[in-house]
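This is upload23.csv. It holds CSV, C-alpha atoms.
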```csv
chain,number,residue,atom,x,y,z
A,1,THR,CA,0.0,0.0,0.0
A,2,LEU,CA,2.8,2.4,0.9
A,3,VAL,CA,5.0,1.6,-2.1
A,4,PRO,CA,2.8,0.3,-5.0
A,5,GLY,CA,5.8,-0.3,-7.2
A,6,ALA,CA,7.1,-2.8,-4.7
A,7,ASP,CA,4.0,-5.0,-4.9
A,8,GLY,CA,5.1,-8.6,-5.4
A,9,ALA,CA,8.8,-7.8,-4.8
A,10,GLU,CA,10.8,-10.4,-3.0
A,11,VAL,CA,12.5,-9.4,0.3
A,12,THR,CA,16.2,-10.3,0.0
A,13,ALA,CA,17.6,-8.5,3.0
A,14,HIS,CA,16.5,-6.4,6.0
A,15,LEU,CA,18.2,-4.1,8.5
A,16,VAL,CA,17.8,-3.5,12.2
A,17,GLY,CA,17.7,0.0,13.7
A,18,LEU,CA,20.1,-0.2,16.7
A,19,ARG,CA,19.4,1.9,19.8
A,20,PRO,CA,22.9,2.8,21.2
A,21,VAL,CA,23.3,2.8,24.9
A,22,THR,CA,26.3,3.8,27.0
A,23,PRO,CA,28.3,1.2,29.0
A,24,GLY,CA,26.9,2.7,32.2
A,25,GLY,CA,23.3,2.7,30.9
A,26,LEU,CA,22.9,6.5,31.3
A,27,PRO,CA,22.5,8.8,28.3
A,28,LEU,CA,25.1,11.4,27.5
A,29,VAL,CA,23.7,14.9,27.4
A,30,GLY,CA,26.2,17.8,27.4
A,31,PRO,CA,29.2,19.4,25.7
A,32,HIS,CA,31.4,17.1,23.6
A,33,PRO,CA,34.7,16.6,25.4
A,34,THR,CA,36.9,17.5,22.5
A,35,LEU,CA,34.8,19.3,19.9
A,36,PRO,CA,34.1,22.9,20.9
A,37,GLY,CA,30.6,24.1,19.9
A,38,VAL,CA,29.1,20.6,19.8
A,39,LEU,CA,26.5,19.3,22.3
A,40,VAL,CA,25.9,15.6,22.6
A,41,ALA,CA,22.5,14.0,23.3
A,42,ALA,CA,23.0,10.2,22.7
A,43,GLY,CA,23.0,6.8,24.3
A,44,HIS,CA,19.4,6.7,25.4
A,45,GLY,CA,18.9,3.1,24.3
A,46,ARG,CA,15.4,1.9,24.3
A,47,HIS,CA,14.3,4.8,26.4
A,48,GLY,CA,14.9,7.5,23.8
A,49,SER,CA,11.2,8.3,23.2
A,50,LEU,CA,10.5,8.5,26.9
A,51,LEU,CA,13.5,10.7,27.6
A,52,ALA,CA,13.1,13.0,24.6
A,53,PRO,CA,11.3,15.8,26.6
A,54,VAL,CA,13.8,15.8,29.4
A,55,THR,CA,16.7,15.6,26.9
A,56,ALA,CA,15.3,18.5,24.9
A,57,ALA,CA,14.9,20.6,28.0
A,58,ARG,CA,18.5,19.9,29.1
A,59,VAL,CA,19.9,20.8,25.6
A,60,LEU,CA,17.8,24.0,25.5
A,61,ALA,CA,19.1,24.9,29.0
A,62,LEU,CA,22.7,24.3,27.9
A,63,VAL,CA,22.2,26.4,24.8
A,64,GLY,CA,20.6,29.2,26.8
A,65,GLN,CA,23.5,29.2,29.2
A,66,GLY,CA,25.9,29.5,26.2
A,67,VAL,CA,27.6,26.2,26.8
A,68,ASN,CA,29.8,25.5,23.8
A,69,ALA,CA,28.1,28.2,21.9
```

Target encoding structure tokens, full file:
Amino acid sequence: TLVPGADGAEVTAHLVGLRPVTPGGLPLVGPHPTLPGVLVAAGHGRHGSLLAPVTAARVLALVGQGVNA
């Protein structure tokens, strides 16, 4: 239905979307340690959707404070 041209096509391979997580299990949100001007928001694992509002608020706060700006 979504891709009419693929109707009847044979699936020969598929991919998996990985959800990276840090070794300690806690997300990384803050300035990059070696790249000035870069903020990191990563490593949320399977909780990314749930933590998105808190992560966004933290990133906005850091930008507002001029961290790595």

(Q) Please determine, counting all atoms listed in the file, which residue among A:Thr1, A:Leu39, A:Leu28, A:Arg46 has the shortest atom-to-atom distance to Val67 of chain A. (A) A:Leu39

Q: Step by step: start from the point (20.8, 20.1, 25.6) in the file's coordinates, keep every protein, DNA or RNA residue that has an atom no farther than 9 Å from it, count all atoms listed in the file, and write the set as a list in words.
A: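 In the file's frame, the residues around the point are Val29, Gly30, Pro31, Leu39, Val40, Ala41, Thr55, Ala56, Ala57, Arg58, Val59, Leu60, Ala61, Leu62 and Val63 of chain A.
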
Q) Do you know which residues are at most 9 Å from segment 13-26 of chain A counting all atoms listed in the file, after dropping those on the same chain fewer than 2 positions away, and could you put them as a ChimeraX atom specification? A) /A:11,28,42-48

Would you mind writing segment 27-38 of chain A with all heavy atoms, as a short mmCIF file (atom, residue, chain, number, x, y, z; two decimals), in the frame of the given file?
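Below you can see part.cif, which holds the result:
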```
data_model
loop_
_atom_site.label_atom_id
_atom_site.label_comp_id
_atom_site.auth_asym_id
_atom_site.auth_seq_id
_atom_site.Cartn_x
_atom_site.Cartn_y
_atom_site.Cartn_z
N PRO A 27 22.25 8.05 29.57
CA PRO A 27 22.50 8.80 28.30
C PRO A 27 23.54 9.91 28.55
O PRO A 27 23.80 10.34 29.68
CB PRO A 27 21.13 9.46 28.04
CG PRO A 27 20.32 9.34 29.27
CD PRO A 27 20.91 8.25 30.10
N LEU A 28 24.14 10.31 27.45
CA LEU A 28 25.10 11.40 27.50
C LEU A 28 24.41 12.65 26.96
O LEU A 28 23.92 12.68 25.83
CB LEU A 28 26.28 11.08 26.52
CG LEU A 28 27.07 9.81 26.83
CD1 LEU A 28 28.06 9.53 25.71
CD2 LEU A 28 27.78 9.96 28.15
N VAL A 29 24.34 13.67 27.79
CA VAL A 29 23.70 14.90 27.40
C VAL A 29 24.63 16.04 27.93
O VAL A 29 24.75 16.24 29.13
CB VAL A 29 22.31 15.10 27.96
CG1 VAL A 29 21.70 16.42 27.52
CG2 VAL A 29 21.42 13.94 27.53
N GLY A 30 25.29 16.74 27.01
CA GLY A 30 26.20 17.80 27.40
C GLY A 30 27.20 18.13 26.35
O GLY A 30 27.14 17.62 25.23
N PRO A 31 28.16 18.98 26.71
CA PRO A 31 29.20 19.40 25.70
C PRO A 31 30.07 18.18 25.34
O PRO A 31 30.39 17.34 26.18
CB PRO A 31 30.02 20.40 26.48
CG PRO A 31 29.32 20.69 27.75
CD PRO A 31 28.31 19.63 27.98
N HIS A 32 30.45 18.15 24.08
CA HIS A 32 31.40 17.10 23.60
C HIS A 32 32.74 17.41 24.26
O HIS A 32 33.16 18.57 24.34
CB HIS A 32 31.50 17.18 22.09
CG HIS A 32 32.25 16.03 21.52
ND1 HIS A 32 33.62 15.98 21.52
CD2 HIS A 32 31.83 14.87 20.95
CE1 HIS A 32 34.02 14.86 20.96
NE2 HIS A 32 32.94 14.16 20.61
N PRO A 33 33.45 16.40 24.71
CA PRO A 33 34.70 16.60 25.40
C PRO A 33 35.84 17.21 24.58
O PRO A 33 36.74 17.85 25.12
CB PRO A 33 35.08 15.26 25.97
CG PRO A 33 34.33 14.28 25.13
CD PRO A 33 33.09 14.98 24.67
N THR A 34 35.80 17.00 23.27
CA THR A 34 36.90 17.50 22.50
C THR A 34 36.52 18.35 21.28
O THR A 34 37.39 18.89 20.60
CB THR A 34 37.75 16.29 21.91
OG1 THR A 34 36.91 15.47 21.10
CG2 THR A 34 38.34 15.47 23.05
N LEU A 35 35.23 18.49 21.01
CA LEU A 35 34.80 19.30 19.90
C LEU A 35 34.05 20.54 20.36
O LEU A 35 32.87 20.47 20.72
CB LEU A 35 33.86 18.48 18.96
CG LEU A 35 34.46 17.25 18.30
CD1 LEU A 35 33.40 16.45 17.56
CD2 LEU A 35 35.57 17.66 17.34
N PRO A 36 34.72 21.68 20.40
CA PRO A 36 34.10 22.90 20.90
C PRO A 36 32.86 23.24 20.00
O PRO A 36 32.87 23.08 18.79
CB PRO A 36 35.15 23.97 20.70
CG PRO A 36 36.44 23.23 20.58
CD PRO A 36 36.10 21.88 20.01
N GLY A 37 31.79 23.67 20.64
CA GLY A 37 30.60 24.10 19.90
C GLY A 37 29.63 22.93 19.61
O GLY A 37 28.62 23.12 18.97
N VAL A 38 29.94 21.73 20.10
CA VAL A 38 29.10 20.60 19.80
C VAL A 38 28.48 20.06 21.13
O VAL A 38 29.20 19.81 22.10
CB VAL A 38 29.89 19.42 19.14
CG1 VAL A 38 29.03 18.18 18.98
CG2 VAL A 38 30.44 19.88 17.82
#
```
